[in-house]
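See structure below.
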Amino acid sequence: MRRYIPIDVDDLPDIFDISLAGGVYTFRIDYNEIADYYTVTIWDADSNLLLTQEPLILGELVGYDLPDKRLPRIDLRVMDETNQANDVGKCNFGYTVQIYLDVVDPLGSETGDPTIKPLGYDPDESVDNYTDEEVSS
């Protein structure tokens, strides 16, 4: 199961700070009652506006159409892991539909189980991966 960003849909706008990919960002979630959809606005730690009222669309990455290098360097995908929802409306968002950190470690480290070794860089692994023959050539 992926990790998601908890949103308080009962107290909107929901404004909160979150640490993602080594940076701190401020998120604001709003709801449009007329069209029944949610939007996200994102600021960086220096209060620079990075994304304004971006509609949350089921199955899409947040900010995908606006490639700003200052946005969090992690995929944030609006999705329903149960595959039951058809939209990100009031009946679904915050319940079965969430903004997920779209990172799945094949080893399962995203489950929060401290006994699972995460995929990626191992600080105890030897840096020298070359043999003497490979270095001299």
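Chain identifiers are assigned as A, B, and so on, following the order in which chains appear in the structure tokens; residues are numbered from 1 within each chain, and ligands are numbered from 1 in order of appearance.
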(message) as number ranges by chain, please: the residues near A:Asp80 (cut-off 8 Å, only C-alpha atoms, same-chain neighbours under 5 positions excluded).
(response) A: 58-59, 85, 96-98
(message) So that I can check the surroundings of stretch 60-72 of chain A, please list as a ChimeraX atom specification every protein, DNA and RNA residue that reaches within 12 Å of it, counting only C-alpha atoms and ignoring chain neighbours fewer than 4 positions away.
(response) /A:18-27,38-56,76-80,87-88,97-102
(request) Quote the spacing between atom CA of A:Asn32 and atom CA of A:Ile74 in Å to one decimal place. (result)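 It comes out at 26.2 Å.
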(request) Using only C-alpha atoms, determine which residues lie at most 8 Å from A:Pro13, disregarding the query and same-chain residues fewer than 6 positions distant; provide the list as a list in words. (result) Arg28, Ile29, Asp30 and Tyr31 of chain A
Write the selection just made, keeping C-alpha atoms, as a PDB file, in the first residue's frame?
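Writing the result to again.pdb gives the following:
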```pdb
ATOM      1  CA  ARG A  28      -3.859  24.318   0.251  1.00  0.00           C
ATOM      2  CA  ILE A  29      -6.789  22.124  -0.757  1.00  0.00           C
ATOM      3  CA  ASP A  30     -10.020  23.817  -1.868  1.00  0.00           C
ATOM      4  CA  TYR A  31     -13.381  22.517  -3.060  1.00  0.00           C
TER       5      TYR A  31
END
```
(request) Would you return as a PyMOL selection string the members of stretch 4-58 of chain A that DSSP assigns to strand (DSSP E or B) on this structure's backbone? (result) chain A and resi 4-5+14-20+23-32+37-43+49-55
